[in-house]
$ cat coords_24.tsv   # TSV, C-alpha atoms
chain	number	residue	atom	x	y	z
A	1	MET	CA	104.21	34.52	30.25
A	2	ARG	CA	106.33	33.44	33.20
A	3	GLN	CA	108.19	35.42	35.81
A	4	ILE	CA	111.82	34.49	36.30
A	5	MET	CA	114.43	35.75	38.76
A	6	ILE	CA	118.12	35.43	37.87
A	7	HIS	CA	121.21	36.30	39.85
A	8	ALA	CA	124.84	36.04	38.82
A	9	PRO	CA	128.17	37.45	40.03
A	10	ARG	CA	128.43	41.26	40.17
A	11	GLY	CA	129.15	42.82	36.79
A	12	ARG	CA	127.27	40.26	34.68
A	13	GLY	CA	123.87	41.91	35.03
A	14	LYS	CA	124.23	43.93	31.83
A	15	GLU	CA	124.88	40.76	29.85
A	16	ILE	CA	121.81	39.09	31.32
A	17	LEU	CA	119.73	42.21	30.69
A	18	ALA	CA	120.80	42.35	27.03
A	19	ALA	CA	120.03	38.66	26.45
A	20	ALA	CA	116.61	38.97	28.13
A	21	THR	CA	115.68	42.16	26.27
A	22	ALA	CA	116.63	40.56	22.95
A	23	ARG	CA	114.09	37.81	23.71
A	24	GLY	CA	111.23	40.17	24.46
A	25	ALA	CA	111.45	40.40	28.25
A	26	VAL	CA	109.17	43.01	29.82
A	27	ASN	CA	108.77	44.61	33.25
A	28	VAL	CA	112.48	44.09	33.91
A	29	ALA	CA	113.99	45.17	37.23
A	30	ALA	CA	117.73	45.03	37.93
A	31	MET	CA	119.38	45.57	41.30
A	32	GLU	CA	122.46	44.77	43.32
A	33	GLY	CA	122.30	42.25	46.11
A	34	ARG	CA	124.07	39.67	48.25
A	35	ASP	CA	123.87	35.89	48.07
A	36	ALA	CA	123.63	33.54	51.05
A	37	LYS	CA	127.41	33.64	51.53
A	38	GLY	CA	127.58	37.42	51.46
A	39	GLY	CA	128.97	37.64	47.93
A	40	ALA	CA	128.01	40.52	45.65
A	41	VAL	CA	125.52	39.59	42.92
A	42	ASP	CA	123.45	41.22	40.20
A	43	LEU	CA	119.77	40.36	40.57
A	44	LEU	CA	117.22	40.63	37.74
A	45	MET	CA	113.46	40.03	37.82
A	46	LEU	CA	111.60	39.89	34.51
A	47	SER	CA	108.57	38.54	32.68
A	48	LEU	CA	109.26	36.41	29.61
A	49	SER	CA	107.27	34.45	27.06
A	50	ASN	CA	107.09	30.73	27.91
A	51	HIS	CA	109.04	29.57	24.87
A	52	GLU	CA	111.89	32.04	25.42
A	53	ILE	CA	112.77	30.72	28.89
A	54	GLY	CA	114.79	27.74	27.64
A	55	PRO	CA	116.71	29.74	25.00
A	56	LEU	CA	117.50	32.47	27.54
A	57	LEU	CA	118.92	30.01	30.06
A	58	ASP	CA	120.89	28.30	27.29
A	59	ALA	CA	122.37	31.65	26.26
A	60	LEU	CA	123.38	32.42	29.86
A	61	GLU	CA	124.68	28.97	30.76
A	62	HIS	CA	128.32	30.03	30.33
A	63	LEU	CA	128.01	32.49	33.22
A	64	PRO	CA	129.57	31.17	36.45
A	65	ASP	CA	127.31	30.52	39.44
A	66	LEU	CA	124.14	31.38	37.54
A	67	HIS	CA	120.98	30.90	39.61
A	68	ALA	CA	117.46	31.07	38.20
A	69	THR	CA	114.07	30.80	39.91
A	70	LEU	CA	111.13	30.09	37.62
A	71	ALA	CA	107.58	30.81	38.82
A	72	PRO	CA	105.34	27.95	37.59
A	73	GLN	CA	102.19	30.12	37.31
A	74	GLY	CA	101.40	32.40	34.42
A	75	VAL	CA	101.67	36.15	34.97
A	76	LEU	CA	99.87	39.12	33.36
A	77	PRO	CA	102.52	41.81	32.79
A	78	LEU	CA	101.00	45.27	32.27
A	79	ARG	CA	102.87	48.32	31.00
A	80	PRO	CA	102.02	51.70	29.44
A	81	PRO	CA	100.02	52.72	27.53
A	82	ALA	CA	97.02	51.62	29.56
A	83	GLU	CA	94.71	51.31	26.53
A	84	GLU	CA	96.83	48.40	25.26
A	85	ALA	CA	96.19	46.28	28.36
A	86	ALA	CA	93.86	43.91	26.51
A	87	GLU	CA	96.54	43.07	23.95
A	88	GLN	CA	99.27	42.76	26.57
A	89	VAL	CA	97.56	39.91	28.46
A	90	GLN	CA	96.69	37.78	25.45
A	91	ASP	CA	99.91	35.75	25.58
A	92	VAL	CA	98.52	32.27	26.17
A	93	ALA	CA	101.38	30.37	24.58
A	94	SER	CA	101.84	26.74	25.54
A	95	ARG	CA	104.28	25.88	28.30
A	96	SER	CA	107.94	25.76	27.34
A	97	PRO	CA	109.54	22.31	26.89
A	98	LEU	CA	111.82	23.09	29.84
A	99	GLU	CA	108.85	23.76	32.12
A	100	ILE	CA	107.00	20.64	30.99
A	101	VAL	CA	110.00	18.39	31.69
A	102	LEU	CA	110.76	19.99	35.05
A	103	GLY	CA	107.10	19.64	36.03
A	104	GLY	CA	107.19	15.96	35.15
A	105	LEU	CA	110.35	15.40	37.19
A	106	GLN	CA	108.86	17.27	40.15
A	107	SER	CA	105.75	15.07	40.13
A	108	VAL	CA	107.85	12.01	41.05
A	109	GLY	CA	107.22	12.61	44.73
A	110	SER	CA	106.38	10.73	47.90
A	111	TRP	CA	105.79	6.99	47.65
A	112	LYS	CA	103.53	6.94	50.73
A	113	GLY	CA	100.85	9.21	49.32
A	114	PHE	CA	101.18	7.66	45.87
A	115	LEU	CA	100.65	4.09	47.06
A	116	GLY	CA	97.97	5.25	49.50
A	117	TYR	CA	95.88	6.56	46.61
A	118	ALA	CA	96.51	3.34	44.68
A	119	ALA	CA	95.29	1.26	47.66
A	120	SER	CA	92.21	3.47	48.05
A	121	ALA	CA	91.45	3.05	44.36
A	122	GLY	CA	91.73	-0.72	44.81
A	123	VAL	CA	89.10	-0.69	47.56
A	124	VAL	CA	86.68	1.45	45.59
A	125	VAL	CA	87.11	-0.39	42.28
A	126	TRP	CA	86.61	-3.71	44.07
A	127	ALA	CA	83.41	-2.38	45.66
A	128	GLY	CA	82.17	-1.23	42.28
A	129	LEU	CA	82.85	-4.54	40.55
A	130	PHE	CA	81.56	-6.57	43.51
A	131	THR	CA	78.28	-4.66	43.86
A	132	ASN	CA	77.77	-4.01	40.13
A	133	THR	CA	77.81	-0.24	40.78
A	134	VAL	CA	79.11	1.87	37.91
A	135	TYR	CA	79.43	5.13	39.85
A	136	LEU	CA	81.89	3.48	42.25
A	137	LEU	CA	84.14	2.72	39.27
A	138	THR	CA	83.91	6.41	38.39
A	139	ALA	CA	84.96	7.28	41.96
A	140	ALA	CA	87.92	4.89	41.68
A	141	MET	CA	89.00	6.64	38.47
A	142	LEU	CA	89.04	9.97	40.32
A	143	ILE	CA	91.48	8.81	43.01
A	144	ALA	CA	93.61	6.32	41.05
A	145	PRO	CA	97.15	7.82	40.67
A	146	PHE	CA	97.93	6.23	37.31
A	147	ALA	CA	97.92	9.41	35.23
A	148	GLY	CA	101.16	10.82	36.67
A	149	PRO	CA	103.50	7.91	35.87
A	150	ALA	CA	101.75	7.23	32.56
A	151	MET	CA	102.34	10.83	31.42
A	152	ASN	CA	105.92	10.79	32.70
A	153	ALA	CA	106.54	7.64	30.66
A	154	ALA	CA	105.24	9.39	27.54
A	155	LEU	CA	107.36	12.44	28.40
A	156	ALA	CA	110.45	10.25	28.76
A	157	THR	CA	109.68	8.50	25.47
A	158	ALA	CA	109.41	11.82	23.63
A	159	ARG	CA	112.78	12.95	25.04
A	160	GLY	CA	114.55	9.60	24.89
A	161	ASP	CA	115.22	9.76	28.64
A	162	ALA	CA	115.79	6.16	29.74
A	163	VAL	CA	116.26	7.09	33.41
A	164	LEU	CA	112.93	8.92	33.68
A	165	LEU	CA	111.23	6.18	31.66
A	166	GLY	CA	112.44	3.52	34.09
A	167	ARG	CA	111.26	5.51	37.11
A	168	ALA	CA	107.87	6.24	35.52
A	169	VAL	CA	107.23	2.64	34.48
A	170	GLY	CA	108.35	1.46	37.92
A	171	ARG	CA	105.84	3.73	39.66
A	172	TYR	CA	103.16	2.76	37.14
A	173	PHE	CA	103.49	-0.95	37.89
A	174	ALA	CA	103.87	-0.33	41.62
A	175	ALA	CA	100.51	1.46	41.63
A	176	LEU	CA	98.92	-1.26	39.53
A	177	ALA	CA	100.33	-3.98	41.81
A	178	THR	CA	98.95	-2.19	44.89
A	179	THR	CA	95.49	-1.84	43.37
A	180	ILE	CA	95.51	-5.48	42.22
A	181	LEU	CA	96.68	-6.73	45.63
A	182	VAL	CA	94.04	-4.77	47.56
A	183	ALA	CA	91.23	-5.96	45.28
A	184	GLY	CA	92.47	-9.54	45.54
A	185	LEU	CA	92.70	-9.43	49.35
A	186	LEU	CA	89.16	-8.09	49.68
A	187	THR	CA	87.89	-10.81	47.36
A	188	LEU	CA	89.71	-13.46	49.43
A	189	VAL	CA	88.48	-12.13	52.79
A	190	LEU	CA	84.82	-11.94	51.69
A	191	GLY	CA	84.93	-15.24	49.81
A	192	GLN	CA	83.53	-13.93	46.54
A	193	GLN	CA	82.82	-16.78	44.11
A	194	VAL	CA	80.46	-15.37	41.47
A	195	SER	CA	81.37	-13.03	38.62
A	196	THR	CA	79.13	-9.98	38.35
A	197	GLU	CA	77.84	-8.48	35.11
A	198	LEU	CA	80.19	-5.53	35.50
A	199	MET	CA	83.18	-7.84	35.88
A	200	VAL	CA	82.27	-9.67	32.68
A	201	ALA	CA	81.74	-6.40	30.82
A	202	THR	CA	85.10	-5.03	32.03
A	203	SER	CA	86.92	-8.13	30.79
A	204	MET	CA	85.60	-7.78	27.24
A	205	VAL	CA	88.14	-6.55	24.68
A	206	SER	CA	86.35	-4.74	21.85
A	207	SER	CA	87.74	-3.89	18.44
A	208	VAL	CA	87.90	-0.21	19.45
A	209	ALA	CA	89.61	-0.78	22.82
A	210	ILE	CA	92.71	1.08	21.66
A	211	LEU	CA	90.79	4.32	21.11
A	212	LEU	CA	90.34	5.14	24.83
A	213	PRO	CA	94.06	5.01	25.75
A	214	LEU	CA	95.01	6.91	22.60
A	215	MET	CA	92.60	9.70	23.45
A	216	ALA	CA	93.60	9.60	27.13
A	217	GLY	CA	97.29	9.92	26.27
A	218	ALA	CA	96.70	12.75	23.81
A	219	ALA	CA	94.40	14.65	26.20
A	220	GLY	CA	96.77	14.21	29.14
A	221	ALA	CA	99.79	15.46	27.19
A	222	LEU	CA	97.80	18.36	25.74
A	223	ASN	CA	96.74	19.42	29.23
A	224	LEU	CA	100.34	19.40	30.44
A	225	CYS	CA	101.54	21.43	27.45
A	226	GLN	CA	98.88	24.10	27.43
A	227	SER	CA	99.08	27.27	29.48
A	228	GLU	CA	96.75	27.07	32.48
A	229	ARG	CA	94.70	30.02	31.20
A	230	SER	CA	94.20	28.55	27.74
A	231	SER	CA	93.20	25.05	28.87
A	232	LEU	CA	89.47	24.37	28.72
A	233	VAL	CA	89.74	21.05	30.58
A	234	SER	CA	91.06	20.61	34.12
A	235	GLY	CA	93.97	18.37	34.98
A	236	ALA	CA	91.66	16.30	37.19
A	237	ALA	CA	89.42	15.56	34.22
A	238	THR	CA	92.26	14.36	32.01
A	239	GLY	CA	93.70	12.37	34.91
A	240	MET	CA	90.34	10.68	35.32
A	241	LEU	CA	90.31	9.87	31.60
A	242	VAL	CA	93.69	8.13	31.93
A	243	ALA	CA	92.54	6.25	35.03
A	244	ALA	CA	89.31	5.25	33.27
A	245	SER	CA	91.31	2.96	31.03
A	246	LEU	CA	93.40	1.49	33.88
A	247	ALA	CA	91.53	1.26	37.20
A	248	PRO	CA	88.76	-1.26	36.28
A	249	PRO	CA	91.09	-3.80	34.58
A	250	ALA	CA	93.55	-3.54	37.48
A	251	GLY	CA	90.86	-4.37	40.02
A	252	LEU	CA	89.61	-7.20	37.82
A	253	VAL	CA	93.08	-8.81	37.71
A	254	GLY	CA	93.13	-9.09	41.51
A	255	ILE	CA	89.54	-10.32	41.80
A	256	GLY	CA	89.86	-12.81	38.94
A	257	ALA	CA	93.13	-14.26	40.26
A	258	VAL	CA	91.59	-15.07	43.66
A	259	MET	CA	88.44	-16.51	42.06
A	260	GLY	CA	90.44	-18.61	39.62
A	261	GLU	CA	88.89	-16.87	36.61
A	262	TRP	CA	92.09	-16.96	34.58
A	263	GLY	CA	90.36	-16.01	31.34
A	264	MET	CA	89.29	-12.73	32.94
A	265	VAL	CA	92.78	-12.22	34.36
A	266	ARG	CA	94.45	-12.67	30.98
A	267	SER	CA	91.95	-10.36	29.31
A	268	ALA	CA	92.29	-7.66	31.98
A	269	PHE	CA	96.09	-7.87	32.00
A	270	PHE	CA	96.17	-7.55	28.22
A	271	LEU	CA	93.97	-4.46	28.54
A	272	LEU	CA	96.41	-2.93	31.04
A	273	LEU	CA	99.36	-3.43	28.70
A	274	LEU	CA	97.33	-2.16	25.74
A	275	GLN	CA	96.32	0.96	27.70
A	276	LEU	CA	99.91	1.70	28.70
A	277	ALA	CA	101.13	1.31	25.11
A	278	GLY	CA	98.33	3.49	23.71
A	279	ILE	CA	98.72	6.23	26.32
A	280	ASN	CA	102.48	6.26	25.87
A	281	LEU	CA	102.31	6.41	22.08
A	282	ALA	CA	99.71	9.17	21.86
A	283	GLY	CA	101.25	11.20	24.68
A	284	ALA	CA	104.76	10.99	23.21
A	285	VAL	CA	103.51	12.15	19.79
A	286	VAL	CA	101.75	15.19	21.31
A	287	PHE	CA	104.82	16.08	23.39
A	288	ARG	CA	107.02	15.95	20.28
A	289	LEU	CA	104.57	18.19	18.43
A	290	PHE	CA	104.94	20.74	21.24
A	291	GLY	CA	108.72	20.79	20.87
A	292	LEU	CA	109.98	18.25	23.42
A	293	LYS	CA	113.06	16.51	22.09
A	294	PRO	CA	116.34	15.07	23.34
A	295	GLY	CA	119.07	17.44	24.47
A	296	GLY	CA	119.18	20.93	25.93
A	297	THR	CA	121.73	22.65	28.14
A	298	ARG	CA	119.93	22.03	31.41
A	299	LEU	CA	118.26	18.79	30.31
A	300	ALA	CA	121.04	17.11	28.36
A	301	ARG	CA	119.99	13.62	29.45
A	302	GLY	CA	117.95	11.91	26.74
$ encode --input "coords_24.tsv" --output "structure tokens"
Amino acid sequence: MRQIMIHAPRGRGKEILAAATARGAVNVAAMEGRDAKGGAVDLLMLSLSNHEIGPLLDALEHLPDLHATLAPQGVLPLRPPAEEAAEQVQDVASRSPLEIVLGGLQSVGSWKGFLGYAASAGVVVWAGLFTNTVYLLTAAMLIAPFAGPAMNAALATARGDAVLLGRAVGRYFAALATTILVAGLLTLVLGQQVSTELMVATSMVSSVAILLPLMAGAAGALNLCQSERSSLVSGAATGMLVAASLAPPAGLVGIGAVMGEWGMVRSAFFLLLLQLAGINLAGAVVFRLFGLKPGGTRLARG
């Protein structure tokens, strides 16, 4: 369940209370208050099932000057009788479509930190490929910021949101370009001329290469849709799975371009496009299964 606070002009509190109660709201508190301009308002605080948040806001959208604050963390509402506490906290429903979309939009944040992580991943993935060290590639997967824009692209595809899709794909390729550039510059500065075994292995395209991005996209979307208390896998783990299919080929593109190994470059670039397509397809399918679709009062774009 989620906690939500709503305030509207004085006299509309009973209407909000009736709509919330009809949708199973619990631990409801109503009071009179003042807004920032000194106007009289009715203020309600309540706990509501994840999937009732969107319908409640849609039902109240006609109210003038409606303000809602949604707490992004799950809450455990307890109420009498005490012996029913175990049953009362078992609501582990998936996140509401509204919350998933708003979370995706909120993740489109600072470019400085985003590109900083991409550059750091470029250094580490280059070191791993250059020294033939697998655990350095694993470290690069942990810090590569590819999961965010890849999941936002799948989210935009599921909703038909061209604006969000353009922003997500733009950030995706900006991160890839940064990683590629850093790996290429390091290769140029150190004068690397010989392909390592790990570079050759990374450039190979197997017949099952599509399976990794499909599973990464599905796992990433599933993690974003599930309630935090019902998820058995951390967001960092699924983010690493997405980056696992993207970080090594990105570094290889930069290294191969400087070395003149155009066969490796073509192979690695094809892998990058294949990974993006697979992640986007699988992620979009999972998001649609969890109820994300075009439209909605507060998310009409799409």
$ atom_distance --input "coords_24.tsv" --atom1 "CA of Leu136 in chain A" --atom2 "CA of Gly122 in chain A"
11.0 Å
$ residues_near_point --input "coords_24.tsv" --point "(105.6, 0.8, 39.9)" --cutoff "12 Å" --atoms "only C-alpha atoms" --output "JSON, numbers by chain"
{"A": [108, 111, 114, 115, 118, 145, 146, 148, 149, 150, 153, 165, 166, 167, 168, 169, 170, 171, 172, 173, 174, 175, 176, 177, 178, 179]}
$ axis_aligned_box --input "coords_24.tsv" --around "range 62-81 of chain A" --padding-each-side "5 Å" --output "JSON"
{"center_x": 114.7, "center_y": 40.3, "center_z": 33.7, "size_x": 39.7, "size_y": 34.8, "size_z": 22.4}
$ closest_residue --input "coords_24.tsv" --among "A:Leu137, A:Ile180, A:Ala257, A:Val286" --to "Leu272 in chain A" --atoms "only C-alpha atoms"
A:Ile180
$ closest_residue --input "coords_24.tsv" --among "A:Ala216, A:Val26, A:Val200, A:Ala121" --to "Gly263 in chain A" --atoms "all atoms listed in the file"
A:Val200
$ residues_around --input "coords_24.tsv" --residues "range 157-162 of chain A" --least-positions-apart "4" --cutoff "6 Å" --atoms "only C-alpha atoms" --output "JSON, numbers by chain"
{"A": [284, 288, 293, 294, 302]}
$ closest_residue --input "coords_24.tsv" --among "A:Val265, A:Leu17, A:Leu98, A:Leu78" --to "Met204 in chain A" --atoms "all atoms listed in the file"
A:Val265
$ closest_residue --input "coords_24.tsv" --among "A:Thr138, A:Ser227, A:Asn27, A:Thr131" --to "Glu197 in chain A" --atoms "all atoms listed in the file"
A:Thr131
$ closest_residue --input "coords_24.tsv" --among "A:Val28, A:Leu56, A:Ala22, A:Val101" --to "Ala154 in chain A" --atoms "all atoms listed in the file"
A:Val101
$ atom_distance --input "coords_24.tsv" --atom1 "CA of Val75 in chain A" --atom2 "CA of Ser47 in chain A"
7.7 Å
$ closest_residue --input "coords_24.tsv" --among "A:Ala209, A:Ile255, A:Glu261, A:Asn223" --to "Leu273 in chain A" --atoms "all atoms listed in the file"
A:Ala209
$ atom_distance --input "coords_24.tsv" --atom1 "CA of Met45 in chain A" --atom2 "CA of Gly104 in chain A"
25.0 Å
